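> mmCIF, C-alpha atoms and all ligand atoms, saved as structure.cif, coming up:
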```
data_data
loop_
_atom_site.group_PDB
_atom_site.id
_atom_site.type_symbol
_atom_site.label_atom_id
_atom_site.label_comp_id
_atom_site.auth_asym_id
_atom_site.auth_seq_id
_atom_site.Cartn_x
_atom_site.Cartn_y
_atom_site.Cartn_z
ATOM 1 C CA MET A 246 -16.303 -5.733 76.664
ATOM 2 C CA ALA A 247 -13.280 -3.415 76.945
ATOM 3 C CA ASN A 248 -12.737 -4.529 80.551
ATOM 4 C CA GLU A 249 -12.863 -8.212 79.526
ATOM 5 C CA SER A 250 -10.274 -7.551 76.842
ATOM 6 C CA VAL A 251 -7.934 -5.769 79.286
ATOM 7 C CA GLU A 252 -8.381 -8.592 81.803
ATOM 8 C CA MET A 253 -7.604 -11.211 79.141
ATOM 9 C CA ASN A 254 -4.455 -9.308 78.092
ATOM 10 C CA ASN A 255 -3.376 -9.107 81.734
ATOM 11 C CA ARG A 256 -3.896 -12.852 82.182
ATOM 12 C CA GLN A 257 -1.928 -13.593 79.004
ATOM 13 C CA GLY A 258 0.794 -11.182 80.121
ATOM 14 C CA LEU A 259 1.102 -13.039 83.415
ATOM 15 C CA THR A 260 1.764 -16.354 81.690
ATOM 16 C CA ALA A 261 3.591 -15.211 78.544
ATOM 17 C CA TRP A 262 6.977 -15.110 80.322
ATOM 18 C CA LYS A 263 6.584 -18.299 82.343
ATOM 19 C CA ASN A 264 9.868 -20.233 82.268
ATOM 20 C CA ILE A 265 11.309 -18.027 79.504
ATOM 21 C CA ARG A 266 15.041 -17.613 80.116
ATOM 22 C CA VAL A 267 15.961 -13.935 80.022
ATOM 23 C CA ALA A 268 19.244 -12.073 80.556
ATOM 24 C CA VAL A 269 19.101 -8.368 81.451
ATOM 25 C CA THR A 270 22.321 -6.374 81.237
ATOM 26 C CA GLY A 271 22.420 -3.545 83.788
ATOM 27 C CA GLY A 272 19.800 -5.166 86.008
ATOM 28 C CA THR A 273 20.605 -3.454 89.304
ATOM 29 C CA SER A 274 19.247 0.016 88.635
ATOM 30 C CA GLY A 275 16.609 2.013 86.773
ATOM 31 C CA LEU A 276 14.909 0.384 83.810
ATOM 32 C CA GLY A 277 16.949 -2.827 84.085
ATOM 33 C CA LEU A 278 15.986 -3.320 87.735
ATOM 34 C CA ALA A 279 12.318 -2.718 86.924
ATOM 35 C CA LEU A 280 12.544 -5.277 84.113
ATOM 36 C CA VAL A 281 14.214 -7.881 86.357
ATOM 37 C CA ARG A 282 11.461 -7.515 88.982
ATOM 38 C CA MET A 283 8.625 -7.546 86.435
ATOM 39 C CA LEU A 284 9.968 -10.582 84.547
ATOM 40 C CA LEU A 285 10.485 -12.562 87.780
ATOM 41 C CA ASP A 286 6.961 -11.673 88.905
ATOM 42 C CA GLN A 287 5.689 -13.009 85.591
ATOM 43 C CA GLY A 288 7.468 -16.344 85.966
ATOM 44 C CA ALA A 289 10.527 -15.802 83.783
ATOM 45 C CA ARG A 290 13.891 -17.281 84.729
ATOM 46 C CA VAL A 291 16.097 -14.225 84.935
ATOM 47 C CA GLY A 292 19.835 -13.650 84.933
ATOM 48 C CA PHE A 293 21.092 -10.085 85.308
ATOM 49 C CA ILE A 294 24.517 -8.523 84.955
ATOM 50 C CA ALA A 295 26.131 -5.409 86.451
ATOM 51 C CA ARG A 296 29.620 -4.314 87.475
ATOM 52 C CA LYS A 297 29.196 -3.424 91.157
ATOM 53 C CA ARG A 298 29.295 -6.640 93.157
ATOM 54 C CA ASP A 299 27.569 -5.216 96.243
ATOM 55 C CA ARG A 300 24.538 -4.158 94.213
ATOM 56 C CA VAL A 301 24.395 -7.515 92.429
ATOM 57 C CA GLU A 302 24.521 -9.283 95.804
ATOM 58 C CA ARG A 303 21.890 -6.979 97.311
ATOM 59 C CA LEU A 304 19.431 -7.782 94.540
ATOM 60 C CA THR A 305 20.086 -11.528 94.669
ATOM 61 C CA CYS A 306 19.389 -11.397 98.420
ATOM 62 C CA GLU A 307 16.148 -9.533 97.786
ATOM 63 C CA ARG A 308 15.123 -11.764 94.866
ATOM 64 C CA THR A 309 16.497 -15.220 95.507
ATOM 65 C CA ASP A 310 14.799 -16.423 92.305
ATOM 66 C CA ALA A 311 17.146 -14.214 90.225
ATOM 67 C CA ARG A 312 20.641 -15.173 89.107
ATOM 68 C CA GLY A 313 23.037 -12.250 89.527
ATOM 69 C CA ILE A 314 26.343 -12.059 87.694
ATOM 70 C CA THR A 315 29.034 -9.474 88.365
ATOM 71 C CA GLY A 316 30.826 -8.356 85.220
ATOM 72 C CA ASP A 317 31.423 -5.624 82.693
ATOM 73 C CA VAL A 318 29.678 -6.373 79.394
ATOM 74 C CA SER A 319 31.872 -3.824 77.593
ATOM 75 C CA GLN A 320 35.002 -5.869 78.383
ATOM 76 C CA LYS A 321 35.638 -8.712 75.963
ATOM 77 C CA ASP A 322 37.376 -10.826 78.616
ATOM 78 C CA ASP A 323 34.356 -10.561 80.905
ATOM 79 C CA THR A 324 31.818 -11.508 78.238
ATOM 80 C CA TYR A 325 32.958 -15.142 77.974
ATOM 81 C CA SER A 326 32.724 -15.677 81.713
ATOM 82 C CA ILE A 327 29.328 -13.924 81.838
ATOM 83 C CA ALA A 328 28.000 -16.075 78.985
ATOM 84 C CA ILE A 329 29.227 -19.305 80.599
ATOM 85 C CA GLN A 330 27.678 -18.358 83.948
ATOM 86 C CA LEU A 331 24.384 -17.409 82.272
ATOM 87 C CA LEU A 332 24.214 -20.693 80.392
ATOM 88 C CA GLY A 333 25.145 -22.613 83.545
ATOM 89 C CA GLU A 334 22.530 -20.839 85.661
ATOM 90 C CA LEU A 335 19.670 -20.789 83.151
ATOM 91 C CA GLY A 336 20.521 -23.803 80.959
ATOM 92 C CA GLY A 337 20.266 -21.671 77.799
ATOM 93 C CA LEU A 338 18.884 -18.307 76.814
ATOM 94 C CA ASP A 339 15.689 -17.239 75.027
ATOM 95 C CA VAL A 340 15.817 -13.449 75.335
ATOM 96 C CA LEU A 341 18.718 -11.025 75.775
ATOM 97 C CA ILE A 342 17.834 -7.475 76.889
ATOM 98 C CA ASN A 343 20.779 -5.214 76.098
ATOM 99 C CA ASN A 344 19.865 -2.494 78.592
ATOM 100 C CA ALA A 345 23.218 -1.420 80.106
ATOM 101 C CA SER A 346 24.822 1.640 78.639
ATOM 102 C CA SER A 347 26.884 4.625 79.558
ATOM 103 C CA LEU A 348 24.943 7.404 77.916
ATOM 104 C CA GLY A 349 25.663 9.595 80.931
ATOM 105 C CA PRO A 350 23.351 11.601 83.142
ATOM 106 C CA VAL A 351 19.657 11.833 82.353
ATOM 107 C CA PRO A 352 18.325 13.786 80.522
ATOM 108 C CA PRO A 353 20.859 13.017 77.784
ATOM 109 C CA ALA A 354 22.691 15.890 76.111
ATOM 110 C CA PRO A 355 21.129 17.222 72.896
ATOM 111 C CA LEU A 356 22.319 15.399 69.780
ATOM 112 C CA ALA A 357 24.119 18.521 68.528
ATOM 113 C CA ASP A 358 26.227 18.536 71.720
ATOM 114 C CA THR A 359 27.145 14.839 71.506
ATOM 115 C CA ASN A 360 30.423 13.928 69.868
ATOM 116 C CA CYS A 361 31.552 10.681 68.183
ATOM 117 C CA GLU A 362 33.497 9.558 71.280
ATOM 118 C CA ASP A 363 30.330 9.806 73.410
ATOM 119 C CA PHE A 364 28.440 7.640 70.909
ATOM 120 C CA GLU A 365 31.274 5.116 70.890
ATOM 121 C CA ARG A 366 31.280 4.976 74.720
ATOM 122 C CA ALA A 367 27.504 4.481 74.761
ATOM 123 C CA ARG A 368 27.769 1.636 72.256
ATOM 124 C CA GLN A 369 30.480 -0.303 74.132
ATOM 125 C CA PRO A 370 28.255 -2.005 76.731
ATOM 126 C CA MET A 371 26.354 -3.849 74.001
ATOM 127 C CA PHE A 372 26.697 -7.500 74.921
ATOM 128 C CA TRP A 373 27.490 -9.578 71.831
ATOM 129 C CA VAL A 374 28.054 -13.231 72.378
ATOM 130 C CA ARG A 375 26.965 -16.500 70.782
ATOM 131 C CA PHE A 376 24.657 -18.659 72.872
ATOM 132 C CA ASP A 377 24.617 -22.036 71.158
HETATM 133 N N1 LIG A 401 16.702 6.963 81.988
HETATM 134 C C1 LIG A 401 16.396 7.559 80.823
HETATM 135 O O1 LIG A 401 15.663 8.564 80.736
HETATM 136 C C2 LIG A 401 16.943 6.997 79.531
HETATM 137 C C3 LIG A 401 16.741 7.692 78.348
HETATM 138 C C4 LIG A 401 17.217 7.160 77.145
HETATM 139 C C5 LIG A 401 17.844 5.934 77.155
HETATM 140 N N2 LIG A 401 18.042 5.286 78.322
HETATM 141 C C6 LIG A 401 18.744 4.017 78.277
HETATM 142 O O2 LIG A 401 18.032 3.028 79.027
HETATM 143 C C7 LIG A 401 18.979 2.175 79.652
HETATM 144 C C8 LIG A 401 18.798 2.162 81.162
HETATM 145 O O3 LIG A 401 18.881 3.476 81.648
HETATM 146 P P1 LIG A 401 18.762 3.745 83.201
HETATM 147 O O4 LIG A 401 18.547 5.204 83.374
HETATM 148 O O5 LIG A 401 17.786 2.777 83.787
HETATM 149 O O6 LIG A 401 20.275 3.374 83.665
HETATM 150 P P2 LIG A 401 20.899 3.326 85.130
HETATM 151 O O7 LIG A 401 19.875 3.529 86.206
HETATM 152 O O8 LIG A 401 22.114 4.193 85.102
HETATM 153 O O9 LIG A 401 21.363 1.790 85.245
HETATM 154 C C9 LIG A 401 22.399 1.310 84.446
HETATM 155 C C10 LIG A 401 22.602 -0.152 84.818
HETATM 156 O O10 LIG A 401 23.569 -0.700 83.914
HETATM 157 C C11 LIG A 401 24.663 -1.225 84.676
HETATM 158 N N3 LIG A 401 25.825 -1.068 83.801
HETATM 159 C C12 LIG A 401 26.317 0.079 83.244
HETATM 160 N N4 LIG A 401 27.384 -0.171 82.485
HETATM 161 C C13 LIG A 401 27.572 -1.521 82.544
HETATM 162 C C14 LIG A 401 28.525 -2.388 81.970
HETATM 163 N N5 LIG A 401 29.501 -1.929 81.186
HETATM 164 N N6 LIG A 401 28.435 -3.721 82.225
HETATM 165 C C15 LIG A 401 27.450 -4.202 83.033
HETATM 166 N N7 LIG A 401 26.513 -3.423 83.596
HETATM 167 C C16 LIG A 401 26.583 -2.096 83.365
HETATM 168 C C17 LIG A 401 24.658 -0.440 85.988
HETATM 169 O O11 LIG A 401 25.224 -1.141 87.086
HETATM 170 P P3 LIG A 401 26.817 -1.014 87.409
HETATM 171 O O12 LIG A 401 27.146 0.443 87.434
HETATM 172 O O13 LIG A 401 27.004 -1.732 88.714
HETATM 173 O O14 LIG A 401 27.501 -1.732 86.284
HETATM 174 C C18 LIG A 401 23.144 -0.360 86.205
HETATM 175 O O15 LIG A 401 22.640 -1.594 86.719
HETATM 176 C C19 LIG A 401 20.377 2.678 79.264
HETATM 177 O O16 LIG A 401 20.777 1.963 78.115
HETATM 178 C C20 LIG A 401 20.103 4.121 78.927
HETATM 179 O O17 LIG A 401 21.066 4.603 78.038
HETATM 180 C C21 LIG A 401 17.606 5.773 79.506
#
```
What does the file become when written as structure tokens?
Ligand SMILES: NC(=O)c1ccc[n+]([C@@H]2O[C@H](COP(=O)([O-])OP(=O)(O)OC[C@H]3O[C@@H](n4cnc5c(N)ncnc54)[C@H](OP(=O)(O)O)[C@@H]3O)[C@@H](O)[C@H]2O)c1

Amino acid sequence: MANESVEMNNRQGLTAWKNIRVAVTGGTSGLGLALVRMLLDQGARVGFIARKRDRVERLTCERTDARGITGDVSQKDDTYSIAIQLLGELGGLDVLINNASSLGPVPPAPLADTNCEDFERARQPMFWVRFD
């Protein structure tokens, strides 16, 4: 019974993302990269964003089903171009995963050792844009 339930969840998981349009900020490394690969494997239509062009190009060569966009989501001027490219590539957006950040090396510093400027820097890569 438990095995059947796990199998059913797995089957549902495999189809739940089919054709869902997802953007992942910071998709070339770490958690973002793992998300891009997993979502593509599950049938999602994925656009990802990162600043280093060579890494964006490397991933789009590896996963030709992904749409890679080079840009800095913390820079207001870049966000318009990123949004237009995302909409052009995916035809709209269903899910935005705000993964990119600049928290610094892992493990993060203890809260007591983190100052306001560090928090502000970590918050900047949040990608806020209207998709309508
Ligand atoms: N790893 C952990 O243990 C841990 C713990 C707590 C929270 N987190 C959070 O989880 C998220 C992912 O962490 P991670 O360790 O997987 O990070 P990571 O390996 O350092 O990857 C960061 C990704 O974000 C991109 N990126 C960074 N700043 C960007 C910007 N301004 N615009 C566009 N892309 C940007 C990087 O590519 P480019 O450099 O080419 O832009 C890269 O693809 C982060 O938000 C992090 O704060 C992680």
> Name the residues that the PyMOL selection byres (((not hetatm)) within 10 of (chain A and resi 401)) pulls out of this structure, and write them as an MDAnalysis selection string.
chainID A and resid 269:280 293:301 314:320 323:324 327 342:353 366:372
> Could you spell out the hits of the PyMOL selection byres (((chain A and resi 282-284) around 12) and not hetatm) on the shown file, as a PDB file with C-alpha atoms, in the frame of the given file?

```
ATOM      1  CA  GLY A 258       0.794 -11.182  80.121  1.00  0.00           C
ATOM      2  CA  LEU A 259       1.102 -13.039  83.415  1.00  0.00           C
ATOM      3  CA  THR A 260       1.764 -16.354  81.690  1.00  0.00           C
ATOM      4  CA  ALA A 261       3.591 -15.211  78.544  1.00  0.00           C
ATOM      5  CA  TRP A 262       6.977 -15.110  80.322  1.00  0.00           C
ATOM      6  CA  LYS A 263       6.584 -18.299  82.343  1.00  0.00           C
ATOM      7  CA  ASN A 264       9.868 -20.233  82.268  1.00  0.00           C
ATOM      8  CA  ILE A 265      11.309 -18.027  79.504  1.00  0.00           C
ATOM      9  CA  ARG A 266      15.041 -17.613  80.116  1.00  0.00           C
ATOM     10  CA  VAL A 267      15.961 -13.935  80.022  1.00  0.00           C
ATOM     11  CA  ALA A 268      19.244 -12.073  80.556  1.00  0.00           C
ATOM     12  CA  VAL A 269      19.101  -8.368  81.451  1.00  0.00           C
ATOM     13  CA  GLY A 272      19.800  -5.166  86.008  1.00  0.00           C
ATOM     14  CA  THR A 273      20.605  -3.454  89.304  1.00  0.00           C
ATOM     15  CA  SER A 274      19.247   0.016  88.635  1.00  0.00           C
ATOM     16  CA  GLY A 275      16.609   2.013  86.773  1.00  0.00           C
ATOM     17  CA  LEU A 276      14.909   0.384  83.810  1.00  0.00           C
ATOM     18  CA  GLY A 277      16.949  -2.827  84.085  1.00  0.00           C
ATOM     19  CA  LEU A 278      15.986  -3.320  87.735  1.00  0.00           C
ATOM     20  CA  ALA A 279      12.318  -2.718  86.924  1.00  0.00           C
ATOM     21  CA  LEU A 280      12.544  -5.277  84.113  1.00  0.00           C
ATOM     22  CA  VAL A 281      14.214  -7.881  86.357  1.00  0.00           C
ATOM     23  CA  LEU A 285      10.485 -12.562  87.780  1.00  0.00           C
ATOM     24  CA  ASP A 286       6.961 -11.673  88.905  1.00  0.00           C
ATOM     25  CA  GLN A 287       5.689 -13.009  85.591  1.00  0.00           C
ATOM     26  CA  GLY A 288       7.468 -16.344  85.966  1.00  0.00           C
ATOM     27  CA  ALA A 289      10.527 -15.802  83.783  1.00  0.00           C
ATOM     28  CA  ARG A 290      13.891 -17.281  84.729  1.00  0.00           C
ATOM     29  CA  VAL A 291      16.097 -14.225  84.935  1.00  0.00           C
ATOM     30  CA  GLY A 292      19.835 -13.650  84.933  1.00  0.00           C
ATOM     31  CA  PHE A 293      21.092 -10.085  85.308  1.00  0.00           C
ATOM     32  CA  LEU A 304      19.431  -7.782  94.540  1.00  0.00           C
ATOM     33  CA  THR A 305      20.086 -11.528  94.669  1.00  0.00           C
ATOM     34  CA  GLU A 307      16.148  -9.533  97.786  1.00  0.00           C
ATOM     35  CA  ARG A 308      15.123 -11.764  94.866  1.00  0.00           C
ATOM     36  CA  THR A 309      16.497 -15.220  95.507  1.00  0.00           C
ATOM     37  CA  ASP A 310      14.799 -16.423  92.305  1.00  0.00           C
ATOM     38  CA  ALA A 311      17.146 -14.214  90.225  1.00  0.00           C
ATOM     39  CA  ARG A 312      20.641 -15.173  89.107  1.00  0.00           C
ATOM     40  CA  VAL A 340      15.817 -13.449  75.335  1.00  0.00           C
ATOM     41  CA  ILE A 342      17.834  -7.475  76.889  1.00  0.00           C
TER      42      ILE A 342
END
```
> Provide the CA of Leu332 in chain A to CA of Glu302 in chain A distance in Å, to one decimal place.
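It comes out at 19.2 Å.
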> Record the distance separating CA of Glu362 in chain A and CA of Leu341 in chain A, expressed in Å with one decimal.
25.7 Å
> What does the distance between CA of Asp363 in chain A and CA of Ser326 in chain A come to in Å, to one decimal place?
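For CA of Asp363 in chain A relative to CA of Ser326 in chain A, the distance reads 26.9 Å.
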> Around all the atoms of range 306-319 of chain A listed in the file, with 8 Å of room on each side, what axis-aligned box do you get, giving centre and edge lengths in Å to one decimal, as JSON?

```
{"center_x": 23.3, "center_y": -10.1, "center_z": 88.0, "size_x": 33.1, "size_y": 28.6, "size_z": 36.8}
```
> Generate the missing atoms of range 284-300 of chain A up to N, CA and C atoms and report them as a compact mmCIF listing (two decimals), keeping the file's coordinate frame.

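The result, stored in result_15.txt:
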```
# COMPACT_ATOMS: atom_id res chain seq x y z
N LEU A 284 9.84 -9.27 85.21
CA LEU A 284 9.97 -10.58 84.55
C LEU A 284 9.91 -11.72 85.57
N LEU A 285 10.55 -11.54 86.73
CA LEU A 285 10.48 -12.56 87.78
C LEU A 285 9.05 -12.73 88.25
N ASP A 286 8.35 -11.61 88.45
CA ASP A 286 6.96 -11.67 88.90
C ASP A 286 6.08 -12.40 87.90
N GLN A 287 6.50 -12.37 86.63
CA GLN A 287 5.69 -13.01 85.59
C GLN A 287 6.19 -14.42 85.27
N GLY A 288 7.10 -14.93 86.10
CA GLY A 288 7.47 -16.34 85.97
C GLY A 288 8.67 -16.63 85.10
N ALA A 289 9.33 -15.57 84.61
CA ALA A 289 10.53 -15.80 83.78
C ALA A 289 11.68 -16.27 84.66
N ARG A 290 12.64 -16.93 84.03
CA ARG A 290 13.89 -17.28 84.73
C ARG A 290 14.91 -16.24 84.31
N VAL A 291 15.36 -15.45 85.27
CA VAL A 291 16.10 -14.22 84.94
C VAL A 291 17.53 -14.25 85.45
N GLY A 292 18.46 -13.93 84.55
CA GLY A 292 19.84 -13.65 84.93
C GLY A 292 20.10 -12.18 84.64
N PHE A 293 20.78 -11.50 85.57
CA PHE A 293 21.09 -10.09 85.31
C PHE A 293 22.57 -9.84 85.55
N ILE A 294 23.08 -8.81 84.91
CA ILE A 294 24.52 -8.52 84.96
C ILE A 294 24.72 -7.06 85.31
N ALA A 295 25.69 -6.79 86.18
CA ALA A 295 26.13 -5.41 86.45
C ALA A 295 27.55 -5.47 87.02
N ARG A 296 28.21 -4.32 87.07
CA ARG A 296 29.62 -4.31 87.48
C ARG A 296 29.82 -4.29 88.98
N LYS A 297 28.95 -3.60 89.70
CA LYS A 297 29.20 -3.42 91.16
C LYS A 297 28.67 -4.63 91.92
N ARG A 298 29.63 -5.37 92.49
CA ARG A 298 29.30 -6.64 93.16
C ARG A 298 28.28 -6.45 94.29
N ASP A 299 28.46 -5.38 95.09
CA ASP A 299 27.57 -5.22 96.24
C ASP A 299 26.12 -5.04 95.80
N ARG A 300 25.91 -4.35 94.67
CA ARG A 300 24.54 -4.16 94.21
C ARG A 300 23.97 -5.44 93.61
```
